[in-house]
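Coordinates as given in start31.pdb (PDB, C-alpha atoms):
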```
MODEL        1
ATOM      1  CA  MET A1223      -2.301 -58.346  55.421
ATOM      2  CA  ASN A1224      -4.093 -55.421  57.036
ATOM      3  CA  ASN A1225      -6.494 -53.470  54.849
ATOM      4  CA  LEU A1226      -6.183 -49.683  55.150
ATOM      5  CA  GLU A1227      -9.117 -49.029  52.836
ATOM      6  CA  THR A1228     -11.787 -46.569  53.900
ATOM      7  CA  SER A1229     -14.576 -44.595  52.264
ATOM      8  CA  TYR A1230     -14.881 -40.817  52.083
ATOM      9  CA  MET A1231     -17.566 -38.889  50.192
ATOM     10  CA  GLY A1232     -18.567 -42.208  48.658
ATOM     11  CA  ILE A1233     -15.044 -42.527  47.201
ATOM     12  CA  ARG A1234     -13.053 -45.626  48.052
ATOM     13  CA  LEU A1235      -9.580 -44.791  49.392
ATOM     14  CA  GLY A1236      -6.663 -47.182  49.690
ATOM     15  CA  SER A1237      -5.521 -45.342  52.834
ATOM     16  CA  PRO A1238      -7.173 -42.923  55.275
ATOM     17  CA  VAL A1239      -4.331 -40.425  54.746
ATOM     18  CA  ILE A1240      -5.082 -37.630  52.267
ATOM     19  CA  LEU A1241      -2.624 -34.937  51.244
ATOM     20  CA  GLY A1242      -4.531 -31.713  51.889
ATOM     21  CA  ALA A1243      -4.633 -28.631  49.683
ATOM     22  CA  CYS A1244      -1.337 -26.715  49.774
ATOM     23  CA  ASP A1245       1.555 -25.603  47.560
ATOM     24  CA  LEU A1246       2.862 -29.183  47.578
ATOM     25  CA  SER A1247      -0.388 -30.402  46.043
ATOM     26  CA  TYR A1248       0.125 -27.983  43.136
ATOM     27  CA  ASP A1249       3.197 -29.808  41.857
ATOM     28  CA  LEU A1250       2.694 -32.996  39.832
ATOM     29  CA  ASP A1251       6.013 -34.507  40.925
ATOM     30  CA  MET A1252       5.080 -33.984  44.558
ATOM     31  CA  LEU A1253       1.668 -35.531  43.998
ATOM     32  CA  LYS A1254       3.228 -38.574  42.344
ATOM     33  CA  LYS A1255       5.517 -38.924  45.339
ATOM     34  CA  ALA A1256       2.510 -38.706  47.679
ATOM     35  CA  GLU A1257       0.879 -41.459  45.634
ATOM     36  CA  GLU A1258       4.036 -43.593  45.893
ATOM     37  CA  GLN A1259       4.028 -43.102  49.653
ATOM     38  CA  GLY A1260       0.507 -44.507  49.837
ATOM     39  CA  ALA A1261      -1.719 -41.426  50.062
ATOM     40  CA  GLY A1262      -5.365 -42.403  49.774
ATOM     41  CA  ALA A1263      -6.173 -39.258  47.783
ATOM     42  CA  VAL A1264      -4.897 -35.742  47.157
ATOM     43  CA  VAL A1265      -6.632 -32.383  47.361
ATOM     44  CA  TYR A1266      -5.391 -30.086  44.622
ATOM     45  CA  LYS A1267      -4.340 -26.591  45.678
ATOM     46  CA  THR A1268      -7.301 -24.306  46.362
ATOM     47  CA  LEU A1269      -8.581 -22.030  43.620
ATOM     48  CA  PHE A1270      -9.426 -18.646  45.162
ATOM     49  CA  GLU A1271     -11.833 -16.254  43.501
ATOM     50  CA  GLU A1272      -9.537 -13.377  44.504
ATOM     51  CA  GLN A1273      -6.664 -14.717  42.413
ATOM     52  CA  ILE A1274      -8.969 -14.857  39.389
ATOM     53  CA  GLN A1275     -10.108 -11.288  40.055
ATOM     54  CA  MET A1276      -6.500 -10.128  40.300
ATOM     55  CA  GLU A1277      -5.717 -11.860  37.015
ATOM     56  CA  ASN A1278      -8.736 -10.235  35.377
ATOM     57  CA  LEU A1279      -7.587  -6.831  36.621
ATOM     58  CA  TYR A1280      -4.171  -7.449  35.094
ATOM     59  CA  HIS A1281      -5.911  -8.487  31.855
ATOM     60  CA  ASP A1282      -7.913  -5.243  31.755
ATOM     61  CA  GLU A1283      -4.779  -3.195  32.358
ATOM     62  CA  LYS A1284      -3.021  -4.935  29.471
ATOM     63  CA  VAL A1285      -5.962  -4.389  27.139
ATOM     64  CA  SER A1286      -6.200  -0.698  28.052
ATOM     65  CA  GLN A1287      -2.652  -0.216  26.802
ATOM     66  CA  TYR A1288      -4.071  -0.590  23.289
ATOM     67  CA  ASP A1289      -6.843   1.979  23.584
ATOM     68  CA  ASP A1290      -4.965   4.443  21.345
ATOM     69  CA  ILE A1291      -4.111   2.136  18.473
ATOM     70  CA  HIS A1292      -2.755   3.427  15.164
ATOM     71  CA  ALA A1293      -2.245   2.079  11.655
ATOM     72  CA  GLU A1294       1.460   1.346  12.063
ATOM     73  CA  MET A1295       1.009  -1.102  14.926
ATOM     74  CA  ILE A1296       2.282  -4.594  14.081
ATOM     75  CA  THR A1297      -0.401  -6.385  16.098
ATOM     76  CA  LEU A1298      -3.591  -5.528  17.916
ATOM     77  CA  HIS A1299      -3.192  -8.422  20.381
ATOM     78  CA  PRO A1300      -1.968  -7.442  23.838
ATOM     79  CA  ASP A1301       0.720  -9.549  25.471
ATOM     80  CA  ILE A1302      -1.482 -11.513  27.877
ATOM     81  CA  ASP A1303      -0.745 -14.885  29.416
ATOM     82  CA  ARG A1304      -3.422 -17.552  29.624
ATOM     83  CA  SER A1305      -6.082 -16.792  32.198
ATOM     84  CA  GLU A1306      -5.647 -18.102  35.728
ATOM     85  CA  ILE A1307      -8.767 -20.264  35.606
ATOM     86  CA  GLU A1308      -7.794 -21.756  32.245
ATOM     87  CA  TYR A1309      -4.315 -22.626  33.484
ATOM     88  CA  TYR A1310      -5.746 -24.082  36.690
ATOM     89  CA  LEU A1311      -8.160 -26.337  34.811
ATOM     90  CA  VAL A1312      -5.547 -27.513  32.302
ATOM     91  CA  LYS A1313      -3.196 -28.467  35.116
ATOM     92  CA  LEU A1314      -6.009 -30.086  37.093
ATOM     93  CA  ARG A1315      -6.868 -32.300  34.105
ATOM     94  CA  GLN A1316      -3.219 -33.225  33.698
ATOM     95  CA  ILE A1317      -2.939 -34.244  37.337
ATOM     96  CA  LYS A1318      -6.132 -36.281  37.235
ATOM     97  CA  GLU A1319      -4.873 -38.141  34.157
ATOM     98  CA  SER A1320      -1.443 -38.735  35.732
ATOM     99  CA  LEU A1321      -2.517 -40.165  39.086
ATOM    100  CA  SER A1322      -4.286 -43.409  39.874
ATOM    101  CA  ILE A1323      -5.553 -42.248  43.276
ATOM    102  CA  PRO A1324      -8.601 -39.980  43.655
ATOM    103  CA  VAL A1325      -8.088 -36.264  43.004
ATOM    104  CA  ILE A1326     -10.267 -33.777  44.883
ATOM    105  CA  ALA A1327     -10.374 -30.115  43.867
ATOM    106  CA  SER A1328     -10.639 -27.262  46.368
ATOM    107  CA  LEU A1329     -12.542 -24.026  45.778
ATOM    108  CA  ASN A1330     -12.908 -20.805  47.755
ATOM    109  CA  CYS A1331     -15.106 -17.990  46.458
ATOM    110  CA  VAL A1332     -16.970 -14.947  47.721
ATOM    111  CA  ASN A1333     -19.976 -14.538  45.443
ATOM    112  CA  GLU A1334     -22.575 -17.273  45.032
ATOM    113  CA  SER A1335     -22.480 -16.978  41.243
ATOM    114  CA  SER A1336     -18.716 -17.547  41.313
ATOM    115  CA  TRP A1337     -19.051 -20.617  43.516
ATOM    116  CA  ILE A1338     -21.512 -22.169  41.083
ATOM    117  CA  ARG A1339     -19.651 -21.162  37.922
ATOM    118  CA  TYR A1340     -16.192 -22.318  38.952
ATOM    119  CA  ALA A1341     -17.460 -25.473  40.637
ATOM    120  CA  GLY A1342     -19.111 -26.445  37.350
ATOM    121  CA  MET A1343     -15.902 -25.804  35.427
ATOM    122  CA  ILE A1344     -13.931 -27.882  37.914
ATOM    123  CA  GLU A1345     -16.369 -30.769  37.610
ATOM    124  CA  GLU A1346     -15.828 -30.777  33.848
ATOM    125  CA  ALA A1347     -12.095 -31.281  34.478
ATOM    126  CA  GLY A1348     -12.918 -34.821  35.581
ATOM    127  CA  VAL A1349     -12.028 -34.718  39.278
ATOM    128  CA  ASP A1350     -13.412 -37.277  41.720
ATOM    129  CA  GLY A1351     -14.879 -34.698  44.079
ATOM    130  CA  ILE A1352     -14.755 -31.064  45.161
ATOM    131  CA  GLU A1353     -14.058 -29.477  48.527
ATOM    132  CA  LEU A1354     -15.792 -26.165  49.231
ATOM    133  CA  ASN A1355     -13.341 -24.267  51.391
ATOM    134  CA  LEU A1356     -15.458 -21.938  53.540
ATOM    135  CA  TYR A1357     -12.411 -19.900  54.523
ATOM    136  CA  GLN A1358     -13.856 -16.484  55.268
ATOM    137  CA  ILE A1359     -13.053 -14.234  58.199
ATOM    138  CA  PRO A1360     -15.902 -12.016  59.456
ATOM    139  CA  VAL A1361     -14.902  -8.373  58.980
ATOM    140  CA  ASN A1362     -18.311  -6.666  59.027
ATOM    141  CA  PHE A1363     -19.536  -5.650  62.483
ATOM    142  CA  ASP A1364     -23.159  -5.454  61.310
ATOM    143  CA  ILE A1365     -23.589  -9.071  60.162
ATOM    144  CA  ASP A1366     -24.619 -11.564  62.835
ATOM    145  CA  ALA A1367     -23.690 -15.243  63.018
ATOM    146  CA  THR A1368     -27.074 -16.413  61.758
ATOM    147  CA  SER A1369     -26.784 -14.343  58.593
ATOM    148  CA  ILE A1370     -23.317 -15.698  57.865
ATOM    149  CA  GLU A1371     -24.433 -19.277  58.346
ATOM    150  CA  GLN A1372     -27.551 -18.805  56.216
ATOM    151  CA  GLN A1373     -25.500 -17.367  53.392
ATOM    152  CA  GLN A1374     -22.916 -20.141  53.515
ATOM    153  CA  ALA A1375     -25.526 -22.894  53.776
ATOM    154  CA  GLY A1376     -27.325 -21.396  50.787
ATOM    155  CA  ILE A1377     -24.127 -21.387  48.736
ATOM    156  CA  VAL A1378     -23.385 -25.002  49.614
ATOM    157  CA  ALA A1379     -26.930 -26.038  48.674
ATOM    158  CA  ALA A1380     -26.741 -24.204  45.341
ATOM    159  CA  VAL A1381     -23.403 -25.797  44.424
ATOM    160  CA  LYS A1382     -24.503 -29.248  45.511
ATOM    161  CA  GLN A1383     -27.642 -28.971  43.380
ATOM    162  CA  GLN A1384     -25.609 -28.123  40.273
ATOM    163  CA  LEU A1385     -22.985 -30.876  40.544
ATOM    164  CA  SER A1386     -23.051 -34.631  40.107
ATOM    165  CA  ILE A1387     -19.666 -35.296  41.762
ATOM    166  CA  PRO A1388     -19.340 -35.641  45.560
ATOM    167  CA  VAL A1389     -19.147 -32.383  47.522
ATOM    168  CA  SER A1390     -17.422 -31.827  50.847
ATOM    169  CA  VAL A1391     -17.154 -28.682  52.957
ATOM    170  CA  LYS A1392     -14.047 -27.588  54.824
ATOM    171  CA  LEU A1393     -15.110 -25.802  57.989
ATOM    172  CA  SER A1394     -13.629 -23.405  60.477
ATOM    173  CA  SER A1395     -13.897 -24.234  64.169
ATOM    174  CA  ASP A1396     -15.044 -20.684  64.949
ATOM    175  CA  TYR A1397     -18.791 -21.100  64.403
ATOM    176  CA  THR A1398     -20.885 -20.367  67.473
ATOM    177  CA  ASN A1399     -22.323 -23.909  67.368
ATOM    178  CA  ILE A1400     -20.419 -26.062  64.911
ATOM    179  CA  LEU A1401     -22.736 -29.017  65.580
ATOM    180  CA  HIS A1402     -25.809 -27.056  64.498
ATOM    181  CA  PHE A1403     -24.134 -25.682  61.388
ATOM    182  CA  ALA A1404     -22.731 -29.088  60.418
ATOM    183  CA  THR A1405     -26.234 -30.528  60.726
ATOM    184  CA  ARG A1406     -27.619 -27.783  58.473
ATOM    185  CA  LEU A1407     -25.016 -28.562  55.837
ATOM    186  CA  ASP A1408     -25.724 -32.268  56.159
ATOM    187  CA  GLU A1409     -29.380 -31.549  55.397
ATOM    188  CA  LYS A1410     -28.226 -29.913  52.148
ATOM    189  CA  GLY A1411     -26.893 -33.300  51.073
ATOM    190  CA  ILE A1412     -23.141 -32.789  51.348
ATOM    191  CA  ASP A1413     -21.045 -35.932  51.128
ATOM    192  CA  GLY A1414     -18.290 -34.981  53.555
ATOM    193  CA  MET A1415     -16.965 -32.331  55.916
ATOM    194  CA  VAL A1416     -13.389 -31.501  56.891
ATOM    195  CA  LEU A1417     -12.697 -30.498  60.506
ATOM    196  CA  PHE A1418     -11.034 -27.973  60.615
ATOM    197  CA  ASN A1419      -9.518 -25.259  58.492
ATOM    198  CA  ALA A1420      -6.462 -23.431  59.779
ATOM    199  CA  PHE A1421      -6.689 -19.666  59.319
ATOM    200  CA  PHE A1422      -3.625 -17.722  58.322
ATOM    201  CA  GLN A1423      -3.299 -15.186  61.107
ATOM    202  CA  PRO A1424      -1.634 -11.755  60.823
ATOM    203  CA  ASP A1425       1.598 -11.017  62.635
ATOM    204  CA  VAL A1426       3.640  -7.914  63.431
ATOM    205  CA  ASP A1427       7.324  -7.141  63.051
ATOM    206  CA  ILE A1428       7.973  -5.006  66.139
ATOM    207  CA  TRP A1429      11.336  -3.668  64.893
ATOM    208  CA  HIS A1430      10.114  -2.459  61.515
ATOM    209  CA  GLU A1431       6.663  -1.711  62.970
ATOM    210  CA  ASN A1432       4.716  -3.260  60.140
ATOM    211  CA  HIS A1433       2.692  -6.350  59.422
ATOM    212  CA  ARG A1434       4.403  -9.423  58.091
ATOM    213  CA  ARG A1435       3.143 -12.573  56.479
ATOM    214  CA  ALA A1436       3.107 -15.579  58.752
ATOM    215  CA  PHE A1437       3.128 -19.149  57.452
ATOM    216  CA  ASN A1438       1.247 -20.850  60.266
ATOM    217  CA  LEU A1439       1.978 -24.579  60.404
ATOM    218  CA  THR A1440       0.039 -26.566  62.946
ATOM    219  CA  HIS A1441       1.739 -28.447  65.755
ATOM    220  CA  LYS A1442       1.390 -31.991  66.974
ATOM    221  CA  GLY A1443      -1.527 -32.374  69.344
ATOM    222  CA  GLU A1444      -3.778 -29.806  67.694
ATOM    223  CA  TYR A1445      -6.066 -32.583  66.440
ATOM    224  CA  LYS A1446      -8.020 -32.685  69.711
ATOM    225  CA  LYS A1447     -10.812 -30.309  68.708
ATOM    226  CA  SER A1448     -11.267 -32.226  65.472
ATOM    227  CA  LEU A1449     -11.361 -35.453  67.489
ATOM    228  CA  ARG A1450     -14.037 -34.058  69.786
ATOM    229  CA  TYR A1451     -16.409 -33.006  67.022
ATOM    230  CA  ALA A1452     -15.760 -36.031  64.846
ATOM    231  CA  GLY A1453     -16.745 -38.059  67.888
ATOM    232  CA  MET A1454     -19.957 -36.101  68.365
ATOM    233  CA  LEU A1455     -20.966 -35.935  64.696
ATOM    234  CA  TYR A1456     -20.469 -39.598  63.861
ATOM    235  CA  GLY A1457     -23.818 -41.384  63.637
ATOM    236  CA  ARG A1458     -25.713 -38.108  63.726
ATOM    237  CA  VAL A1459     -24.922 -36.871  60.216
ATOM    238  CA  LYS A1460     -24.897 -38.777  56.950
ATOM    239  CA  ALA A1461     -21.797 -37.015  55.636
ATOM    240  CA  ASP A1462     -18.384 -38.552  56.239
ATOM    241  CA  VAL A1463     -16.055 -36.646  58.556
ATOM    242  CA  CYS A1464     -12.423 -35.989  57.642
ATOM    243  CA  SER A1465     -10.191 -34.804  60.476
ATOM    244  CA  SER A1466      -7.605 -32.138  59.773
ATOM    245  CA  ARG A1467      -5.255 -29.786  61.658
ATOM    246  CA  GLY A1468      -2.419 -31.167  63.763
ATOM    247  CA  ILE A1469      -2.352 -34.735  62.376
ATOM    248  CA  TYR A1470       1.304 -35.758  62.577
ATOM    249  CA  ASP A1471       1.687 -39.513  63.003
ATOM    250  CA  GLY A1472      -0.075 -42.849  62.978
ATOM    251  CA  ASP A1473      -1.214 -42.520  66.584
ATOM    252  CA  ASP A1474      -3.017 -39.270  65.732
ATOM    253  CA  VAL A1475      -4.790 -40.933  62.809
ATOM    254  CA  ILE A1476      -5.835 -43.953  64.874
ATOM    255  CA  LYS A1477      -7.279 -41.682  67.564
ATOM    256  CA  VAL A1478      -9.512 -39.716  65.194
ATOM    257  CA  LEU A1479     -10.587 -42.903  63.383
ATOM    258  CA  LEU A1480     -11.613 -44.385  66.722
ATOM    259  CA  SER A1481     -13.599 -41.222  67.416
ATOM    260  CA  GLY A1482     -15.550 -41.540  64.153
ATOM    261  CA  ALA A1483     -13.566 -39.859  61.367
ATOM    262  CA  SER A1484     -13.380 -41.657  58.025
ATOM    263  CA  CYS A1485      -9.976 -40.233  57.080
ATOM    264  CA  VAL A1486      -7.535 -37.402  57.724
ATOM    265  CA  GLN A1487      -5.840 -34.632  55.792
ATOM    266  CA  VAL A1488      -2.161 -33.908  56.410
ATOM    267  CA  VAL A1489      -0.304 -30.759  55.393
ATOM    268  CA  SER A1490       1.929 -29.397  58.156
ATOM    269  CA  ALA A1491       3.327 -32.860  58.880
ATOM    270  CA  VAL A1492       4.631 -33.240  55.330
ATOM    271  CA  TYR A1493       6.018 -29.695  55.317
ATOM    272  CA  ARG A1494       7.980 -30.463  58.464
ATOM    273  CA  HIS A1495       8.969 -34.070  57.740
ATOM    274  CA  GLY A1496       8.581 -34.593  53.996
ATOM    275  CA  LEU A1497       6.127 -36.644  51.991
ATOM    276  CA  GLU A1498       7.744 -39.775  53.413
ATOM    277  CA  ARG A1499       5.681 -39.068  56.526
ATOM    278  CA  ILE A1500       2.613 -40.413  54.673
ATOM    279  CA  GLY A1501       4.265 -43.820  54.293
ATOM    280  CA  GLU A1502       5.394 -43.727  57.916
ATOM    281  CA  ILE A1503       1.841 -43.042  59.065
ATOM    282  CA  ASN A1504       0.452 -45.921  57.007
ATOM    283  CA  ARG A1505       3.055 -48.325  58.393
ATOM    284  CA  SER A1506       2.322 -47.175  61.926
ATOM    285  CA  ILE A1507      -1.422 -47.794  61.476
ATOM    286  CA  THR A1508      -0.735 -51.221  59.967
ATOM    287  CA  ASP A1509       1.550 -52.156  62.857
ATOM    288  CA  TRP A1510      -1.061 -51.090  65.427
ATOM    289  CA  MET A1511      -3.798 -53.023  63.637
ATOM    290  CA  GLN A1512      -1.659 -56.168  63.604
ATOM    291  CA  ARG A1513      -0.958 -55.843  67.312
ATOM    292  CA  LYS A1514      -4.660 -55.329  68.050
ATOM    293  CA  GLY A1515      -5.848 -58.086  65.722
ATOM    294  CA  TYR A1516      -7.738 -55.826  63.301
ATOM    295  CA  ASP A1517      -7.833 -56.717  59.603
ATOM    296  CA  GLN A1518      -9.830 -53.704  58.437
ATOM    297  CA  ILE A1519     -10.295 -50.116  59.562
ATOM    298  CA  ASP A1520     -14.052 -50.591  59.719
ATOM    299  CA  GLN A1521     -13.527 -53.058  62.587
ATOM    300  CA  PHE A1522     -12.454 -50.283  64.951
ATOM    301  CA  ARG A1523     -13.557 -47.011  63.325
ATOM    302  CA  ASN A1524     -16.058 -45.049  65.473
ATOM    303  CA  LYS A1525     -15.561 -47.471  68.379
ATOM    304  CA  LEU A1526     -15.065 -44.485  70.696
ATOM    305  CA  SER A1527     -17.576 -42.103  69.116
ATOM    306  CA  ASP A1528     -20.168 -40.431  71.299
ATOM    307  CA  SER A1529     -23.068 -42.228  69.638
ATOM    308  CA  SER A1530     -21.380 -45.620  70.076
ATOM    309  CA  LEU A1531     -20.517 -45.146  73.746
ATOM    310  CA  ASN A1532     -23.184 -42.782  74.983
ATOM    311  CA  LYS A1533     -26.488 -44.544  74.452
ATOM    312  CA  ASN A1534     -28.113 -42.836  77.448
ATOM    313  CA  ASN A1535     -26.472 -39.411  77.102
ATOM    314  CA  THR A1536     -24.628 -39.886  80.394
ATOM    315  CA  LEU A1537     -21.018 -39.910  79.198
ATOM    316  CA  LEU A1538     -19.408 -36.496  79.504
ATOM    317  CA  ILE A1539     -16.101 -36.993  77.698
ATOM    318  CA  TYR A1540     -17.277 -35.238  74.508
ATOM    319  CA  ARG A1541     -19.964 -33.095  76.081
ATOM    320  CA  ARG A1542     -18.194 -31.215  78.850
ATOM    321  CA  ALA A1543     -14.839 -29.534  79.046
ATOM    322  CA  GLN A1544     -12.388 -32.115  80.319
ATOM    323  CA  TYR A1545     -11.186 -29.970  83.193
ATOM    324  CA  ILE A1546     -14.155 -31.390  85.158
ATOM    325  CA  ASP A1547     -12.742 -34.891  84.832
ATOM    326  CA  MET A1548      -9.289 -33.569  85.644
ATOM    327  CA  LEU A1549     -10.577 -31.906  88.816
ATOM    328  CA  MET A1550     -12.322 -35.080  89.921
ATOM    329  CA  HIS A1551      -9.185 -37.135  89.366
ATOM    330  CA  SER A1552      -6.491 -34.570  90.149
ATOM    331  CA  ASP A1553      -4.635 -36.855  92.563
ATOM    332  CA  LYS A1554      -4.226 -39.531  89.894
ATOM    333  CA  LEU A1555      -3.172 -36.873  87.394
ATOM    334  CA  LEU A1556      -0.361 -35.672  89.670
ATOM    335  CA  GLU A1557       0.872 -39.249  90.082
ATOM    336  CA  ASP A1558       1.049 -39.711  86.321
ATOM    337  CA  LEU A1559       2.995 -36.522  85.657
ATOM    338  CA  GLU A1560       6.729 -36.853  85.106
ATOM    339  CA  TRP A1561       8.622 -34.191  86.985
TER     340      TRP A1561
ENDMDL
END
```
Spell out the structure here as structure tokens.
Amino acid sequence: MNNLETSYMGIRLGSPVILGACDLSYDLDMLKKAEEQGAGAVVYKTLFEEQIQMENLYHDEKVSQYDDIHAEMITLHPDIDRSEIEYYLVKLRQIKESLSIPVIASLNCVNESSWIRYAGMIEEAGVDGIELNLYQIPVNFDIDATSIEQQQAGIVAAVKQQLSIPVSVKLSSDYTNILHFATRLDEKGIDGMVLFNAFFQPDVDIWHENHRRAFNLTHKGEYKKSLRYAGMLYGRVKADVCSSRGIYDGDDVIKVLLSGASCVQVVSAVYRHGLERIGEINRSITDWMQRKGYDQIDQFRNKLSDSSLNKNNTLLIYRRAQYIDMLMHSDKLLEDLEW
């Protein structure tokens, strides 16, 4: 029987398919279903510093209602629900205790002190690892790319130094040189990196002439940038690479594993097709491995990475835009097209 085991962040996974952080990964029943479908691990829904700040603001407003207390009041305790961070940690512990597969937490903060504080609290919840979600959109015209990268690398280093559990970083594809930045993070000792985050982009309702919220699911085929950089990073960084964005079926997973990824994260695919898609992906990988004569993922993983194929730095497939190859072989391309 084919073995779908792989390793990510030093954590052994029974499958390379991880359910990424999303609303589905906030619900215990959904997570149990993902486990039943053969998910190798789950990433619990991201904790954002902003949601804690909003909760604290609500707390302060509730407390201020009791500034003018008087002797006839029945109680001095304002009607305040449990804090957001407390609720998050309680639920995170419950999920960790309820699942047999690895549970990875996800954190997104703004201030360095918050990153360190909340990461420490999450570690105490007993999770197997933590994903630092560097989901920040530049909005200041006066800060250059170097400053942003230095700040983020410093935060990652500070968090990594404080924790004993594995640490991964979820990256955007919008860095000026993602290879350089990934190398800097690798030097900080991170255990994994996720390529890539999908930004929620603004949209406009032209009839009401206002902005509207857009739930941006990825589409099949959007894994190609992740494949490219997984292929270039493999063998050149110590951290494991997890491919994300646009992973929809077993073929997609096999492609990024061949390029050098250790695993994948799926979100949009399960929103569109249900959590059963995880089981379908695993069966598709198993079927392909049987047809190819592979017993373990490690027998073919990274077979098509840049470092495996490009010993003399002469292969251009990862290093140049592929339109060059298309131009050189345009006649063959036209023959292959179905009109």
- request: Carefully work through the PyMOL selection byres ((chain A and resi 1395) around 10) for this structure and note down the residues it includes, as an MDAnalysis selection string.
  value: chainID A and resid 1392:1394 1396:1400 1417:1421 1447:1448 1451
- request: Point out the residue among A:Val1312, A:Ser1229, A:Gly1453, A:Tyr1357 with the least atom-to-atom distance to Met1343 (chain A), counting all atoms listed in the file.
  value: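 For Met1343 (chain A), the nearest of the given residues is A:Val1312.
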Interatomic distance (Å, one decimal) between CA of Pro1360 (chain A) and CA of Gln1423 (chain A):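 Here the two named atoms are 13.1 Å from each other.
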Å distance separating CA of Gly1348 (chain A) from CA of Gln1374 (chain A), one decimal place: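 Between CA of Gly1348 (chain A) and CA of Gln1374 (chain A) the gap is 25.2 Å.
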message: Given the PyMOL selection byres ((chain A and resi 1235-1251) around 6) and the file above, list the residues it selects as a list in words.
response: Leu1226, Glu1227, Thr1228, Ser1229, Arg1234, Met1252, Leu1253, Lys1254, Ala1261, Gly1262, Ala1263, Val1264, Val1265, Tyr1266, Lys1267, Cys1485, Val1486, Gln1487, Val1488 and Val1489 of chain A
Rebuild region 1329-1346 of chain A to N, CA and C atoms - output it as a short mmCIF file (atom, residue, chain, number, x, y, z; two decimals), in the coordinates of the input, please.
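The result, stored in out14.cif:
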```cif
data_model
loop_
_atom_site.label_atom_id
_atom_site.label_comp_id
_atom_site.auth_asym_id
_atom_site.auth_seq_id
_atom_site.Cartn_x
_atom_site.Cartn_y
_atom_site.Cartn_z
N LEU A 1329 -12.07 -25.31 46.29
CA LEU A 1329 -12.54 -24.03 45.78
C LEU A 1329 -12.92 -23.09 46.91
N ASN A 1330 -12.52 -21.83 46.79
CA ASN A 1330 -12.91 -20.80 47.76
C ASN A 1330 -13.33 -19.56 46.99
N CYS A 1331 -14.59 -19.17 47.15
CA CYS A 1331 -15.11 -17.99 46.46
C CYS A 1331 -15.80 -17.06 47.44
N VAL A 1332 -16.25 -15.93 46.92
CA VAL A 1332 -16.97 -14.95 47.72
C VAL A 1332 -18.42 -14.86 47.27
N ASN A 1333 -18.63 -14.70 45.98
CA ASN A 1333 -19.98 -14.54 45.44
C ASN A 1333 -20.60 -15.88 45.08
N GLU A 1334 -21.90 -16.01 45.32
CA GLU A 1334 -22.58 -17.27 45.03
C GLU A 1334 -22.45 -17.66 43.56
N SER A 1335 -22.58 -16.68 42.67
CA SER A 1335 -22.48 -16.98 41.24
C SER A 1335 -21.11 -17.54 40.89
N SER A 1336 -20.07 -17.05 41.57
CA SER A 1336 -18.72 -17.55 41.31
C SER A 1336 -18.56 -18.97 41.81
N TRP A 1337 -19.10 -19.25 42.99
CA TRP A 1337 -19.05 -20.62 43.52
C TRP A 1337 -19.64 -21.59 42.49
N ILE A 1338 -20.81 -21.27 42.00
CA ILE A 1338 -21.51 -22.17 41.08
C ILE A 1338 -20.77 -22.29 39.76
N ARG A 1339 -20.32 -21.15 39.23
CA ARG A 1339 -19.65 -21.16 37.92
C ARG A 1339 -18.36 -21.96 37.96
N TYR A 1340 -17.50 -21.66 38.92
CA TYR A 1340 -16.19 -22.32 38.95
C TYR A 1340 -16.30 -23.77 39.39
N ALA A 1341 -17.26 -24.08 40.25
CA ALA A 1341 -17.46 -25.47 40.64
C ALA A 1341 -17.87 -26.31 39.42
N GLY A 1342 -18.71 -25.75 38.57
CA GLY A 1342 -19.11 -26.44 37.35
C GLY A 1342 -17.94 -26.67 36.41
N MET A 1343 -17.08 -25.68 36.28
CA MET A 1343 -15.90 -25.80 35.43
C MET A 1343 -14.94 -26.85 35.98
N ILE A 1344 -14.81 -26.90 37.28
CA ILE A 1344 -13.93 -27.88 37.91
C ILE A 1344 -14.48 -29.30 37.71
N GLU A 1345 -15.77 -29.45 37.82
CA GLU A 1345 -16.37 -30.77 37.61
C GLU A 1345 -16.05 -31.28 36.20
N GLU A 1346 -16.11 -30.39 35.23
CA GLU A 1346 -15.83 -30.78 33.85
C GLU A 1346 -14.38 -31.22 33.65
#
```
